[in-house]
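Text of query.pdb (PDB, C-alpha atoms) as supplied:
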```
ATOM      1  CA  MET G   1     121.115  99.062  88.769
ATOM      2  CA  PRO G   2     117.775 100.662  87.782
ATOM      3  CA  ASN G   3     116.934 104.037  89.305
ATOM      4  CA  PRO G   4     115.068 103.237  92.568
ATOM      5  CA  TYR G   5     113.131 106.504  92.325
ATOM      6  CA  LEU G   6     111.833 105.779  88.821
ATOM      7  CA  PRO G   7     108.357 104.204  88.887
ATOM      8  CA  LEU G   8     107.092 101.603  86.450
ATOM      9  CA  SER G   9     103.940 102.378  84.511
ATOM     10  CA  VAL G  10     100.922 100.248  85.452
ATOM     11  CA  LYS G  11      97.267 100.342  84.463
ATOM     12  CA  VAL G  12      94.338 100.316  86.874
ATOM     13  CA  GLU G  13      92.600  97.119  85.802
ATOM     14  CA  ARG G  14      89.835  97.018  88.408
ATOM     15  CA  ILE G  15      88.654  99.024  91.427
ATOM     16  CA  SER G  16      86.658  97.392  94.227
ATOM     17  CA  ILE G  17      84.883  99.305  96.983
ATOM     18  CA  GLU G  18      85.620  97.469 100.233
ATOM     19  CA  ASN G  19      83.491  99.132 102.916
ATOM     20  CA  ASP G  20      80.168 100.807 103.597
ATOM     21  CA  ALA G  21      81.805 104.221 104.042
ATOM     22  CA  ARG G  22      83.289 103.831 100.526
ATOM     23  CA  ASP G  23      86.631 105.227 101.680
ATOM     24  CA  LEU G  24      88.488 101.919 101.264
ATOM     25  CA  LYS G  25      89.175 100.701  97.742
ATOM     26  CA  THR G  26      91.245  97.863  96.315
ATOM     27  CA  PHE G  27      93.130  98.668  93.121
ATOM     28  CA  ASP G  28      94.127  95.805  90.833
ATOM     29  CA  LEU G  29      97.105  96.966  88.786
ATOM     30  CA  ALA G  30      98.384  95.341  85.607
ATOM     31  CA  PHE G  31     101.606  95.735  83.681
ATOM     32  CA  GLY G  32     101.286  96.443  79.984
ATOM     33  CA  ASP G  33     104.201  94.100  79.398
ATOM     34  CA  ALA G  34     103.793  90.500  80.576
ATOM     35  CA  GLY G  35     107.550  90.295  81.038
ATOM     36  CA  ALA G  36     107.474  93.207  83.471
ATOM     37  CA  ARG G  37     104.931  91.370  85.635
ATOM     38  CA  LYS G  38     107.039  88.245  85.542
ATOM     39  CA  SER G  39     110.092  90.158  86.755
ATOM     40  CA  PHE G  40     108.196  91.902  89.577
ATOM     41  CA  HIS G  41     109.142  89.453  92.353
ATOM     42  CA  PHE G  42     107.793  89.998  95.856
ATOM     43  CA  THR G  43     106.909  88.028  98.970
ATOM     44  CA  PRO G  44     103.980  88.759 101.347
ATOM     45  CA  GLY G  45     104.872  91.474 103.823
ATOM     46  CA  GLN G  46     106.655  93.737 101.341
ATOM     47  CA  PHE G  47     105.333  97.112 100.186
ATOM     48  CA  GLY G  48     105.387  99.334  97.127
ATOM     49  CA  PHE G  49     104.869 102.979  96.212
ATOM     50  CA  LEU G  50     102.041 104.249  94.033
ATOM     51  CA  SER G  51     102.383 107.597  92.280
ATOM     52  CA  ILE G  52     100.281 109.978  90.217
ATOM     53  CA  LEU G  53     102.099 112.525  88.068
ATOM     54  CA  GLY G  54     101.618 116.031  89.435
ATOM     55  CA  VAL G  55     100.094 114.799  92.698
ATOM     56  CA  GLY G  56     102.701 112.748  94.530
ATOM     57  CA  GLU G  57     103.275 109.229  95.820
ATOM     58  CA  ALA G  58     102.686 107.135  98.933
ATOM     59  CA  PRO G  59     103.673 103.668 100.246
ATOM     60  CA  PHE G  60     101.229 100.793 100.710
ATOM     61  CA  GLY G  61     101.524  97.138 101.685
ATOM     62  CA  ILE G  62     101.035  94.747  98.757
ATOM     63  CA  ALA G  63      97.716  92.957  99.233
ATOM     64  CA  SER G  64      98.055  90.381  96.456
ATOM     65  CA  ALA G  65      99.912  87.089  96.606
ATOM     66  CA  PRO G  66     102.833  86.480  94.212
ATOM     67  CA  SER G  67     100.760  83.885  92.309
ATOM     68  CA  GLU G  68      98.038  86.389  91.397
ATOM     69  CA  GLU G  69      98.122  88.069  88.017
ATOM     70  CA  THR G  70      97.464  91.630  89.155
ATOM     71  CA  ILE G  71      99.183  93.590  91.933
ATOM     72  CA  LYS G  72      96.634  94.596  94.567
ATOM     73  CA  TYR G  73      96.726  97.554  96.927
ATOM     74  CA  THR G  74      93.927  98.435  99.343
ATOM     75  CA  VAL G  75      93.941 102.160 100.071
ATOM     76  CA  LYS G  76      92.024 104.288 102.562
ATOM     77  CA  ARG G  77      91.127 107.829 101.475
ATOM     78  CA  VAL G  78      92.794 110.075 104.048
ATOM     79  CA  GLY G  79      94.615 112.884 102.218
ATOM     80  CA  THR G  80      95.483 114.582  98.949
ATOM     81  CA  PHE G  81      97.199 111.660  97.244
ATOM     82  CA  THR G  82      94.795 108.945  98.348
ATOM     83  CA  THR G  83      91.839 111.148  97.363
ATOM     84  CA  ALA G  84      93.313 111.527  93.863
ATOM     85  CA  LEU G  85      93.820 107.761  93.725
ATOM     86  CA  HIS G  86      90.210 107.138  94.765
ATOM     87  CA  GLU G  87      88.976 109.436  91.986
ATOM     88  CA  LEU G  88      90.648 107.348  89.257
ATOM     89  CA  GLU G  89      88.666 105.118  86.920
ATOM     90  CA  PRO G  90      89.672 101.714  85.497
ATOM     91  CA  GLY G  91      92.019 102.195  82.571
ATOM     92  CA  ALA G  92      94.000 105.009  84.171
ATOM     93  CA  SER G  93      97.804 104.764  84.184
ATOM     94  CA  ILE G  94      99.780 105.409  87.349
ATOM     95  CA  GLY G  95     103.305 104.746  88.602
ATOM     96  CA  MET G  96     104.502 101.984  90.897
ATOM     97  CA  ARG G  97     107.931 101.356  92.356
ATOM     98  CA  GLY G  98     109.161  98.543  94.528
ATOM     99  CA  PRO G  99     108.896  96.026  95.992
ATOM    100  CA  TRP G 100     110.658  97.264  99.113
ATOM    101  CA  GLY G 101     111.348  95.914 102.580
ATOM    102  CA  ASN G 102     111.469  92.391 103.948
ATOM    103  CA  SER G 103     108.714  89.801 104.192
ATOM    104  CA  TYR G 104     107.176  87.502 106.768
ATOM    105  CA  PRO G 105     109.615  84.688 107.758
ATOM    106  CA  PHE G 106     108.165  81.837 105.720
ATOM    107  CA  GLU G 107     111.239  79.612 106.004
ATOM    108  CA  LEU G 108     111.056  79.859 109.799
ATOM    109  CA  MET G 109     107.307  79.189 109.665
ATOM    110  CA  LYS G 110     107.581  75.884 107.810
ATOM    111  CA  GLY G 111     106.281  72.966 109.860
ATOM    112  CA  LYS G 112     104.696  75.304 112.419
ATOM    113  CA  ASP G 113     101.167  76.412 113.230
ATOM    114  CA  ILE G 114     100.505  80.007 112.217
ATOM    115  CA  VAL G 115      98.318  82.508 114.068
ATOM    116  CA  ILE G 116      97.382  85.657 112.148
ATOM    117  CA  VAL G 117      96.015  88.625 114.109
ATOM    118  CA  SER G 118      94.855  91.796 112.397
ATOM    119  CA  GLY G 119      92.523  94.750 112.709
ATOM    120  CA  GLY G 120      91.096  97.343 110.340
ATOM    121  CA  PHE G 121      92.582  97.974 106.917
ATOM    122  CA  SER G 122      96.029  96.772 108.048
ATOM    123  CA  PHE G 123      94.830  93.332 106.924
ATOM    124  CA  THR G 124      96.296  93.905 103.449
ATOM    125  CA  THR G 125      99.676  92.144 103.684
ATOM    126  CA  LEU G 126      98.056  89.430 105.806
ATOM    127  CA  ARG G 127      95.494  88.854 103.064
ATOM    128  CA  SER G 128      98.508  88.324 100.793
ATOM    129  CA  THR G 129      99.963  85.926 103.369
ATOM    130  CA  ILE G 130      96.772  83.859 103.703
ATOM    131  CA  VAL G 131      96.435  83.440  99.929
ATOM    132  CA  TYR G 132     100.123  82.484  99.785
ATOM    133  CA  LEU G 133      99.792  79.892 102.573
ATOM    134  CA  LEU G 134      96.601  78.379 101.122
ATOM    135  CA  ASP G 135      98.221  77.756  97.749
ATOM    136  CA  PRO G 136      97.928  73.973  97.221
ATOM    137  CA  SER G 137     101.559  73.831  96.122
ATOM    138  CA  ARG G 138     102.772  74.835  99.604
ATOM    139  CA  ARG G 139      99.881  74.325 102.055
ATOM    140  CA  SER G 140     101.380  71.038 103.337
ATOM    141  CA  GLN G 141     104.579  72.849 104.353
ATOM    142  CA  PHE G 142     102.770  74.650 107.188
ATOM    143  CA  GLY G 143     100.675  73.558 110.141
ATOM    144  CA  LYS G 144      97.304  74.756 111.383
ATOM    145  CA  LEU G 145      96.306  78.256 110.266
ATOM    146  CA  THR G 146      94.270  80.387 112.697
ATOM    147  CA  VAL G 147      93.083  83.881 111.760
ATOM    148  CA  VAL G 148      91.578  86.489 114.111
ATOM    149  CA  TYR G 149      90.468  89.563 112.164
ATOM    150  CA  GLY G 150      88.402  92.476 113.398
ATOM    151  CA  ALA G 151      87.146  95.915 112.458
ATOM    152  CA  ARG G 152      85.140  98.711 114.042
ATOM    153  CA  SER G 153      81.953  97.442 112.421
ATOM    154  CA  ALA G 154      80.910  94.665 110.052
ATOM    155  CA  GLY G 155      80.804  97.103 107.136
ATOM    156  CA  GLU G 156      84.503  97.879 107.606
ATOM    157  CA  LEU G 157      85.762  94.320 107.108
ATOM    158  CA  LEU G 158      87.821  93.909 103.932
ATOM    159  CA  TYR G 159      87.654  91.226 101.231
ATOM    160  CA  LYS G 160      84.160  90.041 102.153
ATOM    161  CA  ASP G 161      83.821  87.541  99.284
ATOM    162  CA  GLU G 162      87.109  85.881 100.167
ATOM    163  CA  ILE G 163      86.196  85.839 103.845
ATOM    164  CA  LYS G 164      83.061  83.844 102.987
ATOM    165  CA  ALA G 165      85.195  81.275 101.190
ATOM    166  CA  TRP G 166      87.698  81.129 104.059
ATOM    167  CA  GLU G 167      84.924  80.608 106.608
ATOM    168  CA  SER G 168      83.963  77.334 104.921
ATOM    169  CA  SER G 169      87.523  76.248 104.157
ATOM    170  CA  PRO G 170      88.929  73.245 106.063
ATOM    171  CA  ASP G 171      92.413  74.722 105.644
ATOM    172  CA  LEU G 172      92.046  77.517 108.184
ATOM    173  CA  SER G 173      90.109  78.552 111.283
ATOM    174  CA  LEU G 174      88.736  82.087 110.970
ATOM    175  CA  ARG G 175      87.266  84.186 113.793
ATOM    176  CA  LEU G 176      85.784  87.541 112.813
ATOM    177  CA  CYS G 177      84.928  90.249 115.312
ATOM    178  CA  VAL G 178      83.729  93.844 115.418
ATOM    179  CA  ASP G 179      84.263  96.512 118.067
ATOM    180  CA  ARG G 180      80.570  97.317 118.108
ATOM    181  CA  LEU G 181      77.366  96.219 116.412
ATOM    182  CA  ASP G 182      75.843  98.787 114.061
ATOM    183  CA  GLY G 183      72.293  97.434 114.090
ATOM    184  CA  ALA G 184      72.822  94.899 111.304
ATOM    185  CA  PRO G 185      72.550  91.171 112.074
ATOM    186  CA  TRP G 186      75.967  89.844 113.042
ATOM    187  CA  PRO G 187      76.514  86.112 113.530
ATOM    188  CA  GLU G 188      80.122  86.506 114.593
ATOM    189  CA  THR G 189      81.739  87.976 117.736
ATOM    190  CA  GLU G 190      81.386  91.460 119.192
ATOM    191  CA  GLY G 191      84.586  92.520 120.928
ATOM    192  CA  LEU G 192      88.065  93.950 120.503
ATOM    193  CA  VAL G 193      90.648  91.864 118.654
ATOM    194  CA  PRO G 194      92.920  91.217 121.702
ATOM    195  CA  ASN G 195      89.947  90.057 123.785
ATOM    196  CA  VAL G 196      88.722  87.743 121.042
ATOM    197  CA  LEU G 197      92.258  86.379 120.587
ATOM    198  CA  LYS G 198      92.217  85.485 124.292
ATOM    199  CA  GLN G 199      88.900  83.634 123.784
ATOM    200  CA  VAL G 200      90.226  81.711 120.778
ATOM    201  CA  ALA G 201      93.375  80.887 122.805
ATOM    202  CA  PRO G 202      95.497  79.313 120.029
ATOM    203  CA  SER G 203      98.269  77.064 121.271
ATOM    204  CA  ALA G 204     101.757  78.559 121.294
ATOM    205  CA  ALA G 205     103.377  75.131 121.012
ATOM    206  CA  ASN G 206     105.376  75.033 117.779
ATOM    207  CA  ALA G 207     103.546  78.154 116.565
ATOM    208  CA  VAL G 208     104.332  81.573 115.108
ATOM    209  CA  ALA G 209     102.117  84.680 115.369
ATOM    210  CA  LEU G 210     101.896  87.383 112.689
ATOM    211  CA  VAL G 211     100.384  90.690 113.833
ATOM    212  CA  CYS G 212      99.454  93.770 111.808
ATOM    213  CA  GLY G 213      97.034  96.471 112.854
ATOM    214  CA  PRO G 214      96.689  99.947 114.308
ATOM    215  CA  PRO G 215      99.209 100.771 117.072
ATOM    216  CA  VAL G 216      96.616 100.569 119.857
ATOM    217  CA  MET G 217      95.599  97.059 118.754
ATOM    218  CA  ILE G 218      99.233  95.945 118.614
ATOM    219  CA  ARG G 219      99.879  97.378 122.087
ATOM    220  CA  PHE G 220      97.089  95.342 123.669
ATOM    221  CA  THR G 221      97.760  92.205 121.607
ATOM    222  CA  HIS G 222     101.305  91.729 122.930
ATOM    223  CA  PRO G 223     100.237  90.895 126.517
ATOM    224  CA  VAL G 224      97.660  88.385 125.260
ATOM    225  CA  LEU G 225     100.210  86.560 123.123
ATOM    226  CA  GLU G 226     102.600  86.522 126.067
ATOM    227  CA  LEU G 227      99.851  85.124 128.297
ATOM    228  CA  LEU G 228      99.199  82.391 125.724
ATOM    229  CA  GLY G 229     102.870  81.424 125.827
ATOM    230  CA  PHE G 230     104.185  82.927 122.582
ATOM    231  CA  LYS G 231     107.880  83.775 122.888
ATOM    232  CA  PRO G 232     109.015  87.189 121.578
ATOM    233  CA  GLU G 233     111.124  85.544 118.857
ATOM    234  CA  ASN G 234     108.002  83.797 117.508
ATOM    235  CA  VAL G 235     105.859  86.926 117.205
ATOM    236  CA  PHE G 236     106.288  89.045 114.072
ATOM    237  CA  LEU G 237     104.845  92.496 113.497
ATOM    238  CA  SER G 238     104.659  94.779 110.489
ATOM    239  CA  LEU G 239     105.489  98.466 111.023
ATOM    240  CA  GLU G 240     104.412  99.402 107.497
ATOM    241  CA  ASN G 241     102.620 102.496 108.849
ATOM    242  CA  ARG G 242     106.090 104.065 109.355
ATOM    243  CA  MET G 243     107.121 103.805 105.688
ATOM    244  CA  LYS G 244     108.553 106.960 104.131
ATOM    245  CA  CYS G 245     110.958 107.006 101.158
ATOM    246  CA  GLY G 246     111.287 103.222 100.897
ATOM    247  CA  ILE G 247     115.048 103.029 100.413
ATOM    248  CA  GLY G 248     116.482 104.329 103.706
ATOM    249  CA  LYS G 249     117.622 107.737 102.443
ATOM    250  CA  CYS G 250     115.281 110.213 104.147
ATOM    251  CA  GLY G 251     115.737 108.786 107.665
ATOM    252  CA  HIS G 252     112.136 109.488 108.688
ATOM    253  CA  CYS G 253     111.213 105.850 109.296
ATOM    254  CA  ASN G 254     113.922 105.095 111.842
ATOM    255  CA  VAL G 255     113.192 103.502 115.203
ATOM    256  CA  GLY G 256     116.418 103.797 117.157
ATOM    257  CA  PRO G 257     119.176 102.395 114.896
ATOM    258  CA  LYS G 258     116.730 100.563 112.602
ATOM    259  CA  TYR G 259     115.310 101.857 109.331
ATOM    260  CA  VAL G 260     111.862 100.350 108.929
ATOM    261  CA  CYS G 261     111.962 100.491 105.128
ATOM    262  CA  LYS G 262     115.298  98.628 104.922
ATOM    263  CA  ASP G 263     115.436  96.493 108.086
ATOM    264  CA  GLY G 264     111.661  95.896 108.085
ATOM    265  CA  PRO G 265     108.800  96.494 107.875
ATOM    266  CA  VAL G 266     108.542  93.024 109.481
ATOM    267  CA  PHE G 267     110.297  92.661 112.848
ATOM    268  CA  SER G 268     110.156  90.027 115.538
ATOM    269  CA  TYR G 269     108.864  91.237 118.874
ATOM    270  CA  LYS G 270     112.242  90.216 120.306
ATOM    271  CA  GLU G 271     113.918  92.755 118.003
ATOM    272  CA  LEU G 272     111.420  95.465 118.948
ATOM    273  CA  LEU G 273     112.007  94.956 122.657
ATOM    274  CA  ARG G 274     115.556  96.257 122.093
ATOM    275  CA  LEU G 275     114.289  99.432 120.394
ATOM    276  CA  PRO G 276     112.684 102.639 121.685
ATOM    277  CA  THR G 277     108.948 102.195 122.244
ATOM    278  CA  GLU G 278     108.065 104.910 119.682
ATOM    279  CA  TYR G 279     106.999 102.319 117.092
TER     280      TYR G 279
END
```

Structure encoded using structure tokens:
Amino acid sequence: MPNPYLPLSVKVERISIENDARDLKTFDLAFGDAGARKSFHFTPGQFGFLSILGVGEAPFGIASAPSEETIKYTVKRVGTFTTALHELEPGASIGMRGPWGNSYPFELMKGKDIVIVSGGFSFTTLRSTIVYLLDPSRRSQFGKLTVVYGARSAGELLYKDEIKAWESSPDLSLRLCVDRLDGAPWPETEGLVPNVLKQVAPSAANAVALVCGPPVMIRFTHPVLELLGFKPENVFLSLENRMKCGIGKCGHCNVGPKYVCKDGPVFSYKELLRLPTEY
């Protein structure tokens, strides 16, 4: 078995600034060896570690779909490592290890409608999921796709070019919302994600909900999904914000008896109801 602590070398192919504050960037990473990319198998929902020699490493949800050539990570600048990452230029070499964790339950989702609910920059693995579901080779395997995505302001929404394409796509229904208007024209909805989800009111009949966002958004989204009739076993959440070492050795990601990096990061709400509420 390869050393799980040993990162692979990848090159920063492209860097995209995602928001007005310029503290969210998407890094497109490429393997120097085409064979290495081919052997890097992952499914939406999984995460990887990025590292810079002499600085450190940190875990991030994979934002690209398996069919895409580069591996995408969208990173917010919040500390020493992410600041160093944000200061890189295209062409720089960094380390990446993974993929780790489980994925969203695509086998269970086949033949069902899918409701995706997300807020802020936690949209990364759900961006991966949407691209995966919209792939023409598998789109017919799933039912109606409804997406509710919000941010604090319009300038904080990720993947704006793709969002424009999704808004006009017949393959999904997209509702965007912002917590508050910042003075700019906004043709979408002003309001918190759980409130907008209640307005959209997707049917829970033969449907699965995928939720990823800040803890406060998740806390207030649960009651809305319950009100709409979604059963706990049909609601799946990502606890990727609790990632630590990635392989279940440090013990810092545990919630009760579960290790988020090994048993998750994706859990059904039914599973979480059996765990301490610290997640």

- Query: G:Ser268: which residues within 8 Å, counting only C-alpha atoms, same-chain residues fewer than 3 positions away excluded, as a ChimeraX atom specification?
  - Reply: /G:232-237,271-272

- Message: I'd like to know which of G:Lys76, G:Lys11, G:Lys144, G:Arg139 is closest to G:Ser93, using all atoms listed in the file.
- Response: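 That would be G:Lys11, the residue with the smallest distance to G:Ser93.
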
- Message: Residues within 12 Å of (108.6, 90.7, 92.7), file coordinates, counting only C-alpha atoms: what are they? Give the list as a ChimeraX atom specification.
- Response: /G:35-48,62,64-71,97-103

- Task: Determine the residue membership of the PyMOL selection byres ((chain G and resi 28) around 7) for the file above and supply it as a list in words.
- Result: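 That expression, the PyMOL selection byres ((chain G and resi 28) around 7), corresponds here to Val12, Glu13, Arg14, Ile15, Thr26, Phe27, Leu29, Ala30, Thr70, Ile71, Lys72 and Tyr73 of chain G.
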
Name all residues at most 10 Å from G:Arg22 (count only C-alpha atoms; drop same-chain ones fewer than 6 positions away) and give them as an mmCIF file with C-alpha atoms, keeping the file's coordinate frame.
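Result written to out-v4.cif:
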```
data_model
loop_
_atom_site.group_PDB
_atom_site.id
_atom_site.type_symbol
_atom_site.label_atom_id
_atom_site.label_comp_id
_atom_site.auth_asym_id
_atom_site.auth_seq_id
_atom_site.Cartn_x
_atom_site.Cartn_y
_atom_site.Cartn_z
ATOM 1 C CA SER G 16 86.658 97.392 94.227
ATOM 2 C CA LYS G 76 92.024 104.288 102.562
ATOM 3 C CA ARG G 77 91.127 107.829 101.475
ATOM 4 C CA HIS G 86 90.210 107.138 94.765
ATOM 5 C CA GLY G 155 80.804 97.103 107.136
ATOM 6 C CA GLU G 156 84.503 97.879 107.606
#
```

Box time for stretch 21-27 of chain G: axis-aligned, enclosing all its listed atoms, 5 Å extra on each side; report centre and edge lengths in Å to one decimal, as AutoDock Vina command-line options.
```
--center_x 87.5 --center_y 101.5 --center_z 98.6 --size_x 21.3 --size_y 17.4 --size_z 20.9
```

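One finds atom CA of G:Lys160 at 28.3 Å from atom CA of G:Ile52.
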
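When all atoms listed in the file are used to compute distances to G:Gly120, the closest of the residues G:Cys177, G:Leu273, G:Leu133, G:Ala34 turns out to be G:Cys177.
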
- Go through G:Met96, G:Ala63, G:Lys25, G:Gln199 one by one, measure the shortest atom-to-atom distance of each to G:Val10 using only C-alpha atoms, and give the residue with the smallest value. G:Met96

- Query: Which polymer residues have any atom within 12 Å of an atom of G:Arg274, counting all atoms listed in the file, with same-chain residues fewer than 4 positions away left out, as a PyMOL selection string?
  - Reply: chain G and resi 232+255-258+267-270+278-279

- Item | Separation of atom CA of G:Val208 from atom CA of G:Phe230, in Å and rounded to one decimal |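 Those two atoms sit 7.6 Å apart.
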
Tell me which protein, DNA and RNA residues are within 7 Å of G:Gly191, counting all atoms listed in the file, leaving out same-chain ones fewer than 5 positions away, and put them as a CSV table (one decimal) with C-alpha atoms, in the coordinates of the input.
```csv
chain,number,residue,atom,x,y,z
G,177,CYS,CA,84.9,90.2,115.3
G,178,VAL,CA,83.7,93.8,115.4
G,179,ASP,CA,84.3,96.5,118.1
G,180,ARG,CA,80.6,97.3,118.1
G,196,VAL,CA,88.7,87.7,121.0
```

- Message: Take the PyMOL selection byres ((chain G and resi 216-229) around 9), run it mentally on this structure, and tell me the resulting residues as a list in words.
- Response: Val117, Ser118, Gly119, Leu192, Val193, Pro194, Asn195, Leu197, Lys198, Ala201, Pro202, Ser203, Ala204, Ala205, Ala209, Val211, Cys212, Gly213, Pro214, Pro215, Phe230, Lys231, Pro232, Val235, Leu237 and Tyr269 of chain G

Selection file, C-alpha atoms, as a JSON list (two decimals), in the frame of the given file:
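The resulting result24.json:
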```json
[["chain", "number", "residue", "atom", "x", "y", "z"],
["G", 117, "VAL", "CA", 96.02, 88.62, 114.11],
["G", 118, "SER", "CA", 94.86, 91.80, 112.40],
["G", 119, "GLY", "CA", 92.52, 94.75, 112.71],
["G", 192, "LEU", "CA", 88.06, 93.95, 120.50],
["G", 193, "VAL", "CA", 90.65, 91.86, 118.65],
["G", 194, "PRO", "CA", 92.92, 91.22, 121.70],
["G", 195, "ASN", "CA", 89.95, 90.06, 123.78],
["G", 197, "LEU", "CA", 92.26, 86.38, 120.59],
["G", 198, "LYS", "CA", 92.22, 85.48, 124.29],
["G", 201, "ALA", "CA", 93.38, 80.89, 122.80],
["G", 202, "PRO", "CA", 95.50, 79.31, 120.03],
["G", 203, "SER", "CA", 98.27, 77.06, 121.27],
["G", 204, "ALA", "CA", 101.76, 78.56, 121.29],
["G", 205, "ALA", "CA", 103.38, 75.13, 121.01],
["G", 209, "ALA", "CA", 102.12, 84.68, 115.37],
["G", 211, "VAL", "CA", 100.38, 90.69, 113.83],
["G", 212, "CYS", "CA", 99.45, 93.77, 111.81],
["G", 213, "GLY", "CA", 97.03, 96.47, 112.85],
["G", 214, "PRO", "CA", 96.69, 99.95, 114.31],
["G", 215, "PRO", "CA", 99.21, 100.77, 117.07],
["G", 230, "PHE", "CA", 104.18, 82.93, 122.58],
["G", 231, "LYS", "CA", 107.88, 83.78, 122.89],
["G", 232, "PRO", "CA", 109.02, 87.19, 121.58],
["G", 235, "VAL", "CA", 105.86, 86.93, 117.20],
["G", 237, "LEU", "CA", 104.84, 92.50, 113.50],
["G", 269, "TYR", "CA", 108.86, 91.24, 118.87]]
```
